[in-house]
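**Q** Input file: protein_8.cif. Contents: mmCIF, C-alpha atoms.
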```
data_query
#
loop_
_atom_site.group_PDB
_atom_site.id
_atom_site.type_symbol
_atom_site.label_atom_id
_atom_site.label_comp_id
_atom_site.auth_asym_id
_atom_site.auth_seq_id
_atom_site.Cartn_x
_atom_site.Cartn_y
_atom_site.Cartn_z
ATOM 1 C CA MET A 1423 111.745 -45.503 -91.590
ATOM 2 C CA PRO A 1424 112.700 -47.399 -94.760
ATOM 3 C CA ARG A 1425 110.457 -50.232 -95.863
ATOM 4 C CA PHE A 1426 111.728 -53.579 -97.159
ATOM 5 C CA MET A 1427 110.458 -56.626 -99.048
ATOM 6 C CA ASP A 1428 112.353 -59.849 -98.429
ATOM 7 C CA VAL A 1429 111.907 -63.144 -100.190
ATOM 8 C CA HIS A 1430 112.216 -66.690 -98.843
ATOM 9 C CA SER A 1431 112.288 -69.972 -100.727
ATOM 10 C CA GLY A 1432 111.765 -73.548 -99.575
ATOM 11 C CA PHE A 1433 108.513 -73.201 -97.626
ATOM 12 C CA VAL A 1434 106.740 -75.852 -99.709
ATOM 13 C CA GLY A 1435 103.652 -77.203 -97.959
ATOM 14 C CA LEU A 1436 103.808 -74.753 -95.040
ATOM 15 C CA THR A 1437 100.389 -74.289 -93.401
ATOM 16 C CA ALA A 1438 98.830 -71.038 -92.235
ATOM 17 C CA GLU A 1439 99.521 -72.109 -88.635
ATOM 18 C CA GLN A 1440 103.185 -72.786 -89.393
ATOM 19 C CA LEU A 1441 103.572 -69.408 -91.118
ATOM 20 C CA GLN A 1442 101.940 -67.757 -88.117
ATOM 21 C CA GLU A 1443 104.368 -69.545 -85.786
ATOM 22 C CA ALA A 1444 107.372 -68.479 -87.882
ATOM 23 C CA HIS A 1445 106.073 -64.904 -88.022
ATOM 24 C CA GLN A 1446 105.560 -64.871 -84.239
ATOM 25 C CA ARG A 1447 109.210 -65.763 -83.743
ATOM 26 C CA ASP A 1448 110.087 -62.624 -85.752
ATOM 27 C CA LEU A 1449 107.598 -60.451 -83.847
ATOM 28 C CA ALA A 1450 108.934 -61.672 -80.515
ATOM 29 C CA ILE A 1451 112.409 -60.226 -81.127
ATOM 30 C CA GLU A 1452 111.957 -57.580 -83.830
ATOM 31 C CA GLY A 1453 111.894 -54.717 -81.298
ATOM 32 C CA GLU A 1454 115.450 -55.503 -80.262
ATOM 33 C CA GLU A 1455 116.571 -54.578 -83.781
ATOM 34 C CA GLY A 1456 114.182 -51.649 -84.271
ATOM 35 C CA VAL A 1457 112.343 -53.636 -86.965
ATOM 36 C CA HIS A 1458 108.638 -54.281 -87.513
ATOM 37 C CA PHE A 1459 107.310 -57.030 -89.772
ATOM 38 C CA GLU A 1460 104.081 -55.718 -91.243
ATOM 39 C CA HIS A 1461 102.797 -58.539 -93.409
ATOM 40 C CA ALA A 1462 103.803 -61.836 -95.012
ATOM 41 C CA TRP A 1463 102.404 -63.748 -97.977
ATOM 42 C CA LEU A 1464 103.067 -67.408 -98.767
ATOM 43 C CA ASP A 1465 102.691 -69.609 -101.823
ATOM 44 C CA PRO A 1466 102.800 -73.104 -100.294
ATOM 45 C CA VAL A 1467 103.008 -74.716 -103.750
ATOM 46 C CA SER A 1468 106.276 -73.068 -104.846
ATOM 47 C CA GLY A 1469 107.438 -72.460 -101.268
ATOM 48 C CA LYS A 1470 108.013 -68.732 -101.864
ATOM 49 C CA ALA A 1471 107.278 -66.260 -99.085
ATOM 50 C CA PHE A 1472 107.368 -62.453 -99.153
ATOM 51 C CA CYS A 1473 107.753 -60.340 -96.001
ATOM 52 C CA LEU A 1474 107.078 -56.599 -95.838
ATOM 53 C CA SER A 1475 108.849 -54.815 -93.000
ATOM 54 C CA ASN A 1476 110.241 -51.509 -91.861
ATOM 55 C CA GLY A 1477 113.406 -50.872 -89.919
ATOM 56 C CA PRO A 1478 116.644 -48.933 -89.845
ATOM 57 C CA ASP A 1479 118.398 -50.961 -92.595
ATOM 58 C CA LYS A 1480 118.463 -54.286 -94.459
ATOM 59 C CA HIS A 1481 120.917 -55.865 -92.057
ATOM 60 C CA SER A 1482 118.606 -55.365 -89.080
ATOM 61 C CA VAL A 1483 115.741 -57.052 -90.915
ATOM 62 C CA LEU A 1484 117.908 -59.977 -91.989
ATOM 63 C CA ARG A 1485 119.261 -60.342 -88.465
ATOM 64 C CA VAL A 1486 115.774 -60.775 -87.037
ATOM 65 C CA HIS A 1487 114.971 -63.474 -89.601
ATOM 66 C CA GLU A 1488 118.271 -65.202 -88.920
ATOM 67 C CA ARG A 1489 117.808 -65.154 -85.137
ATOM 68 C CA ALA A 1490 114.215 -66.427 -85.606
ATOM 69 C CA GLY A 1491 115.515 -69.444 -87.517
ATOM 70 C CA HIS A 1492 114.516 -68.594 -91.092
ATOM 71 C CA PRO A 1493 117.397 -66.655 -92.647
ATOM 72 C CA THR A 1494 117.324 -65.261 -96.169
ATOM 73 C CA THR A 1495 119.734 -63.175 -98.202
ATOM 74 C CA GLU A 1496 117.224 -61.746 -100.683
ATOM 75 C CA ILE A 1497 115.956 -58.366 -99.548
ATOM 76 C CA TYR A 1498 115.033 -55.130 -101.318
ATOM 77 C CA GLU A 1499 114.518 -51.640 -99.986
ATOM 78 C CA VAL A 1500 111.249 -50.418 -101.554
ATOM 79 C CA PRO A 1501 111.030 -46.636 -101.169
ATOM 80 C CA ILE A 1502 108.514 -46.274 -104.011
ATOM 81 C CA GLU A 1503 104.939 -47.575 -103.709
ATOM 82 C CA VAL A 1504 101.627 -47.120 -105.478
ATOM 83 C CA ASP A 1505 98.095 -48.316 -104.908
ATOM 84 C CA MET B 817 89.116 -64.347 -105.249
ATOM 85 C CA PRO B 818 92.708 -65.640 -105.183
ATOM 86 C CA ARG B 819 95.469 -63.171 -104.443
ATOM 87 C CA PHE B 820 98.801 -63.057 -106.279
ATOM 88 C CA MET B 821 102.275 -61.572 -105.900
ATOM 89 C CA ASP B 822 104.181 -61.017 -109.135
ATOM 90 C CA VAL B 823 107.767 -59.941 -109.535
ATOM 91 C CA HIS B 824 109.369 -57.750 -112.186
ATOM 92 C CA SER B 825 113.036 -57.098 -112.868
ATOM 93 C CA GLY B 826 114.783 -54.388 -114.849
ATOM 94 C CA PHE B 827 113.124 -51.265 -113.441
ATOM 95 C CA VAL B 828 116.453 -49.700 -112.415
ATOM 96 C CA GLY B 829 116.134 -45.971 -111.835
ATOM 97 C CA LEU B 830 112.354 -45.850 -112.269
ATOM 98 C CA THR B 831 110.822 -42.831 -110.506
ATOM 99 C CA ALA B 832 107.651 -42.742 -108.440
ATOM 100 C CA GLU B 833 105.924 -40.952 -111.311
ATOM 101 C CA GLN B 834 106.998 -43.601 -113.799
ATOM 102 C CA LEU B 835 105.784 -46.395 -111.505
ATOM 103 C CA GLN B 836 102.480 -44.577 -111.141
ATOM 104 C CA GLU B 837 102.180 -44.289 -114.924
ATOM 105 C CA ALA B 838 102.931 -47.997 -115.394
ATOM 106 C CA HIS B 839 100.438 -48.899 -112.669
ATOM 107 C CA GLN B 840 97.769 -46.693 -114.265
ATOM 108 C CA ARG B 841 98.124 -48.634 -117.503
ATOM 109 C CA ASP B 842 97.284 -51.793 -115.533
ATOM 110 C CA LEU B 843 94.371 -50.152 -113.719
ATOM 111 C CA ALA B 844 92.936 -48.852 -117.003
ATOM 112 C CA ILE B 845 92.384 -52.365 -118.387
ATOM 113 C CA GLU B 846 92.373 -54.677 -115.354
ATOM 114 C CA GLY B 847 88.556 -54.805 -115.228
ATOM 115 C CA GLU B 848 88.447 -56.455 -118.636
ATOM 116 C CA GLU B 849 90.263 -59.453 -117.132
ATOM 117 C CA GLY B 850 88.464 -59.424 -113.760
ATOM 118 C CA VAL B 851 91.730 -58.458 -112.056
ATOM 119 C CA HIS B 852 92.522 -55.753 -109.497
ATOM 120 C CA PHE B 853 96.040 -54.554 -108.757
ATOM 121 C CA GLU B 854 96.066 -53.612 -105.089
ATOM 122 C CA HIS B 855 99.574 -52.358 -104.453
ATOM 123 C CA ALA B 856 103.068 -52.234 -105.935
ATOM 124 C CA TRP B 857 106.486 -51.738 -104.345
ATOM 125 C CA LEU B 858 109.668 -50.780 -106.195
ATOM 126 C CA ASP B 859 113.363 -50.929 -105.414
ATOM 127 C CA PRO B 860 114.823 -48.532 -108.015
ATOM 128 C CA VAL B 861 118.385 -49.585 -107.147
ATOM 129 C CA SER B 862 118.029 -53.270 -108.036
ATOM 130 C CA GLY B 863 115.124 -52.651 -110.414
ATOM 131 C CA LYS B 864 112.865 -55.202 -108.678
ATOM 132 C CA ALA B 865 109.147 -54.531 -108.406
ATOM 133 C CA PHE B 866 106.463 -56.500 -106.575
ATOM 134 C CA CYS B 867 102.767 -56.289 -107.434
ATOM 135 C CA LEU B 868 99.966 -57.569 -105.218
ATOM 136 C CA SER B 869 96.747 -58.336 -107.050
ATOM 137 C CA ASN B 870 93.591 -60.407 -107.002
ATOM 138 C CA GLY B 871 91.837 -62.039 -109.897
ATOM 139 C CA PRO B 872 90.437 -65.279 -111.246
ATOM 140 C CA ASP B 873 93.828 -66.880 -112.037
ATOM 141 C CA LYS B 874 97.521 -66.208 -112.745
ATOM 142 C CA HIS B 875 97.023 -65.992 -116.475
ATOM 143 C CA SER B 876 94.545 -63.135 -116.173
ATOM 144 C CA VAL B 877 96.987 -61.143 -114.044
ATOM 145 C CA LEU B 878 99.875 -61.773 -116.428
ATOM 146 C CA ARG B 879 97.702 -60.838 -119.399
ATOM 147 C CA VAL B 880 96.961 -57.404 -117.915
ATOM 148 C CA HIS B 881 100.679 -56.758 -117.346
ATOM 149 C CA GLU B 882 101.490 -57.935 -120.849
ATOM 150 C CA ARG B 883 98.820 -55.759 -122.484
ATOM 151 C CA ALA B 884 99.985 -52.802 -120.356
ATOM 152 C CA GLY B 885 103.505 -53.174 -121.735
ATOM 153 C CA HIS B 886 105.375 -54.641 -118.763
ATOM 154 C CA PRO B 887 105.113 -58.421 -119.010
ATOM 155 C CA THR B 888 106.565 -60.796 -116.449
ATOM 156 C CA THR B 889 106.542 -64.571 -116.050
ATOM 157 C CA GLU B 890 107.197 -64.685 -112.297
ATOM 158 C CA ILE B 891 103.960 -64.894 -110.345
ATOM 159 C CA TYR B 892 102.860 -66.696 -107.189
ATOM 160 C CA GLU B 893 99.416 -67.406 -105.818
ATOM 161 C CA VAL B 894 99.582 -66.434 -102.118
ATOM 162 C CA PRO B 895 96.602 -67.971 -100.304
ATOM 163 C CA ILE B 896 98.288 -67.734 -96.885
ATOM 164 C CA GLU B 897 98.939 -64.384 -95.191
ATOM 165 C CA VAL B 898 99.801 -63.107 -91.731
ATOM 166 C CA ASP B 899 100.193 -59.714 -90.149
#
```
Can you dump the structure from the file as structure tokens?
**A**
Amino acid sequence: MPRFMDVHSGFVGLTAEQLQEAHQRDLAIEGEEGVHFEHAWLDPVSGKAFCLSNGPDKHSVLRVHERAGHPTTEIYEVPIEVD
Amino acid sequence: MPRFMDVHSGFVGLTAEQLQEAHQRDLAIEGEEGVHFEHAWLDPVSGKAFCLSNGPDKHSVLRVHERAGHPTTEIYEVPIEVD
């Protein structure tokens, strides 16, 4: 299953609880699109958030975010990883 | 130790081996700056790469990338995470 990194802007001042709530709205419906959100990181100063997910394609991932109320258009398929 | 996500552009067509080589150049010197690069993801189509690291501050992370030959200026401290 392809893996994706998507990027959100505008989350300035979001708390850990608010990010958890937003993430839960994704998790609640992700199965309907065959998507799983694995992890999210937030910089509350700049308002940037990064979400790592897997799913059938970019559109499915973006649809979950849109239905959950936090749409973005910036998403990258990341088939190459190192650690 | 704070955690950071930094973003690179321009890596269009990079292979897994080339990403590994670039990452190894970071790993070889990261200790000198008190930094550790934990993971990197690459989209070879758009050329975007994302690096997750920890270290004392943004400047230390950027200095490792610069010394390793792949500087960037886009970096975010990400103190909030969910999974």
**Q** Return the single residue from A:Glu1454, A:Glu1460, A:Glu1503, A:Asp1465 that is closest to A:Arg1489, with distances computed using only C-alpha atoms.
**A** A:Glu1454
**Q** Quick one: which residues from chain B are at most 8 Å off chain A, using only C-alpha atoms, as a list in words?
**A**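 So the contacting residues turn out to be Thr831, Ala832, Leu835, Gln836, His839, Phe853, Glu854, His855, Ala856, Trp857, Leu858, Asp859, Pro860, Ser862, Lys864, Tyr892, Glu893, Val894, Pro895, Ile896, Glu897, Val898 and Asp899 of chain B.
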**Q** Matching every Cα in sequence order between the two identical chains, what are the coordinates of chain B once fitted onto chain A? Write them as a PDB file with C-alpha atoms, in the coordinates of the input.
**A**
```pdb
ATOM      1  CA  MET B 817     111.766 -45.497 -91.588  1.00  0.00           C
ATOM      2  CA  PRO B 818     112.706 -47.398 -94.763  1.00  0.00           C
ATOM      3  CA  ARG B 819     110.469 -50.236 -95.860  1.00  0.00           C
ATOM      4  CA  PHE B 820     111.724 -53.582 -97.169  1.00  0.00           C
ATOM      5  CA  MET B 821     110.455 -56.621 -99.059  1.00  0.00           C
ATOM      6  CA  ASP B 822     112.347 -59.850 -98.428  1.00  0.00           C
ATOM      7  CA  VAL B 823     111.916 -63.149-100.191  1.00  0.00           C
ATOM      8  CA  HIS B 824     112.223 -66.684 -98.848  1.00  0.00           C
ATOM      9  CA  SER B 825     112.294 -69.970-100.729  1.00  0.00           C
ATOM     10  CA  GLY B 826     111.765 -73.537 -99.581  1.00  0.00           C
ATOM     11  CA  PHE B 827     108.518 -73.203 -97.623  1.00  0.00           C
ATOM     12  CA  VAL B 828     106.737 -75.860 -99.710  1.00  0.00           C
ATOM     13  CA  GLY B 829     103.657 -77.194 -97.956  1.00  0.00           C
ATOM     14  CA  LEU B 830     103.809 -74.758 -95.035  1.00  0.00           C
ATOM     15  CA  THR B 831     100.391 -74.290 -93.402  1.00  0.00           C
ATOM     16  CA  ALA B 832      98.832 -71.047 -92.224  1.00  0.00           C
ATOM     17  CA  GLU B 833      99.524 -72.106 -88.643  1.00  0.00           C
ATOM     18  CA  GLN B 834     103.175 -72.785 -89.396  1.00  0.00           C
ATOM     19  CA  LEU B 835     103.555 -69.405 -91.120  1.00  0.00           C
ATOM     20  CA  GLN B 836     101.944 -67.759 -88.112  1.00  0.00           C
ATOM     21  CA  GLU B 837     104.372 -69.544 -85.788  1.00  0.00           C
ATOM     22  CA  ALA B 838     107.368 -68.477 -87.890  1.00  0.00           C
ATOM     23  CA  HIS B 839     106.071 -64.905 -88.017  1.00  0.00           C
ATOM     24  CA  GLN B 840     105.559 -64.869 -84.238  1.00  0.00           C
ATOM     25  CA  ARG B 841     109.215 -65.752 -83.751  1.00  0.00           C
ATOM     26  CA  ASP B 842     110.088 -62.618 -85.747  1.00  0.00           C
ATOM     27  CA  LEU B 843     107.598 -60.453 -83.855  1.00  0.00           C
ATOM     28  CA  ALA B 844     108.934 -61.681 -80.502  1.00  0.00           C
ATOM     29  CA  ILE B 845     112.406 -60.225 -81.123  1.00  0.00           C
ATOM     30  CA  GLU B 846     111.946 -57.582 -83.834  1.00  0.00           C
ATOM     31  CA  GLY B 847     111.885 -54.722 -81.301  1.00  0.00           C
ATOM     32  CA  GLU B 848     115.443 -55.500 -80.259  1.00  0.00           C
ATOM     33  CA  GLU B 849     116.571 -54.578 -83.783  1.00  0.00           C
ATOM     34  CA  GLY B 850     114.167 -51.647 -84.273  1.00  0.00           C
ATOM     35  CA  VAL B 851     112.342 -53.629 -86.965  1.00  0.00           C
ATOM     36  CA  HIS B 852     108.632 -54.280 -87.521  1.00  0.00           C
ATOM     37  CA  PHE B 853     107.317 -57.032 -89.771  1.00  0.00           C
ATOM     38  CA  GLU B 854     104.083 -55.716 -91.239  1.00  0.00           C
ATOM     39  CA  HIS B 855     102.801 -58.538 -93.400  1.00  0.00           C
ATOM     40  CA  ALA B 856     103.805 -61.831 -95.002  1.00  0.00           C
ATOM     41  CA  TRP B 857     102.398 -63.745 -97.971  1.00  0.00           C
ATOM     42  CA  LEU B 858     103.057 -67.409 -98.754  1.00  0.00           C
ATOM     43  CA  ASP B 859     102.681 -69.599-101.811  1.00  0.00           C
ATOM     44  CA  PRO B 860     102.803 -73.110-100.294  1.00  0.00           C
ATOM     45  CA  VAL B 861     103.012 -74.715-103.748  1.00  0.00           C
ATOM     46  CA  SER B 862     106.265 -73.071-104.848  1.00  0.00           C
ATOM     47  CA  GLY B 863     107.432 -72.463-101.278  1.00  0.00           C
ATOM     48  CA  LYS B 864     108.010 -68.729-101.862  1.00  0.00           C
ATOM     49  CA  ALA B 865     107.277 -66.263 -99.082  1.00  0.00           C
ATOM     50  CA  PHE B 866     107.364 -62.465 -99.134  1.00  0.00           C
ATOM     51  CA  CYS B 867     107.750 -60.343 -96.005  1.00  0.00           C
ATOM     52  CA  LEU B 868     107.073 -56.614 -95.837  1.00  0.00           C
ATOM     53  CA  SER B 869     108.846 -54.827 -93.014  1.00  0.00           C
ATOM     54  CA  ASN B 870     110.243 -51.516 -91.857  1.00  0.00           C
ATOM     55  CA  GLY B 871     113.402 -50.872 -89.926  1.00  0.00           C
ATOM     56  CA  PRO B 872     116.640 -48.927 -89.839  1.00  0.00           C
ATOM     57  CA  ASP B 873     118.396 -50.952 -92.578  1.00  0.00           C
ATOM     58  CA  LYS B 874     118.471 -54.279 -94.454  1.00  0.00           C
ATOM     59  CA  HIS B 875     120.910 -55.861 -92.055  1.00  0.00           C
ATOM     60  CA  SER B 876     118.611 -55.352 -89.080  1.00  0.00           C
ATOM     61  CA  VAL B 877     115.741 -57.043 -90.913  1.00  0.00           C
ATOM     62  CA  LEU B 878     117.904 -59.971 -91.994  1.00  0.00           C
ATOM     63  CA  ARG B 879     119.270 -60.336 -88.469  1.00  0.00           C
ATOM     64  CA  VAL B 880     115.763 -60.777 -87.038  1.00  0.00           C
ATOM     65  CA  HIS B 881     114.966 -63.482 -89.609  1.00  0.00           C
ATOM     66  CA  GLU B 882     118.267 -65.200 -88.927  1.00  0.00           C
ATOM     67  CA  ARG B 883     117.804 -65.168 -85.142  1.00  0.00           C
ATOM     68  CA  ALA B 884     114.222 -66.422 -85.610  1.00  0.00           C
ATOM     69  CA  GLY B 885     115.510 -69.438 -87.529  1.00  0.00           C
ATOM     70  CA  HIS B 886     114.518 -68.592 -91.104  1.00  0.00           C
ATOM     71  CA  PRO B 887     117.393 -66.653 -92.651  1.00  0.00           C
ATOM     72  CA  THR B 888     117.332 -65.259 -96.167  1.00  0.00           C
ATOM     73  CA  THR B 889     119.757 -63.177 -98.215  1.00  0.00           C
ATOM     74  CA  GLU B 890     117.231 -61.747-100.685  1.00  0.00           C
ATOM     75  CA  ILE B 891     115.964 -58.365 -99.549  1.00  0.00           C
ATOM     76  CA  TYR B 892     115.034 -55.135-101.314  1.00  0.00           C
ATOM     77  CA  GLU B 893     114.528 -51.642 -99.977  1.00  0.00           C
ATOM     78  CA  VAL B 894     111.253 -50.425-101.545  1.00  0.00           C
ATOM     79  CA  PRO B 895     111.037 -46.638-101.169  1.00  0.00           C
ATOM     80  CA  ILE B 896     108.511 -46.284-104.011  1.00  0.00           C
ATOM     81  CA  GLU B 897     104.941 -47.578-103.701  1.00  0.00           C
ATOM     82  CA  VAL B 898     101.626 -47.129-105.479  1.00  0.00           C
ATOM     83  CA  ASP B 899      98.099 -48.314-104.909  1.00  0.00           C
TER      84      ASP B 899
END
```
**Q** The PyMOL selection byres ((chain A and resi 1452) around 10) on the file shown: which residues, as a list of chain:residue names?
**A**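 Those residues are A:Gln1446, A:Arg1447, A:Asp1448, A:Leu1449, A:Ala1450, A:Ile1451, A:Gly1453, A:Glu1454, A:Glu1455, A:Gly1456, A:Val1457, A:His1458, A:Phe1459, A:Gly1477, A:Ser1482, A:Val1483, A:Arg1485, A:Val1486, A:His1487, A:Arg1489, A:Ala1490.
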**Q** How far is it from atom CA of A:Gly1491 to atom CA of A:Ser1475, in Å with one decimal?
**A**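 Going from atom CA of A:Gly1491 over to atom CA of A:Ser1475, I get 17.0 Å.
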**Q** Adding 6 Å on each side of the box along x, y and z that holds all listed atoms of stretch 822-837 of chain B, could you give its centre and edge lengths in Å to one decimal, as AutoDock Vina command-line options?
**A**
```
--center_x 109.3 --center_y -51.0 --center_z -111.7 --size_x 26.3 --size_y 32.1 --size_z 18.5
```
**Q** Would you mind listing what lies within 9 Å of A:Met1423 as a list in words, with all atoms listed in the file counted and same-chain residues fewer than 3 positions away left out?
**A**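 Contacts, in chain order: Asn1476, Gly1477, Pro1478 and Asp1479 of chain A.
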**Q** Give the answer as one residue: which of B:His824, B:His875, B:Ala838, B:Gly829 has the shortest atom-to-atom distance to B:Thr888, using all atoms listed in the file?
**A**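 With all atoms listed in the file as the atom set, the closest residue is B:His824.
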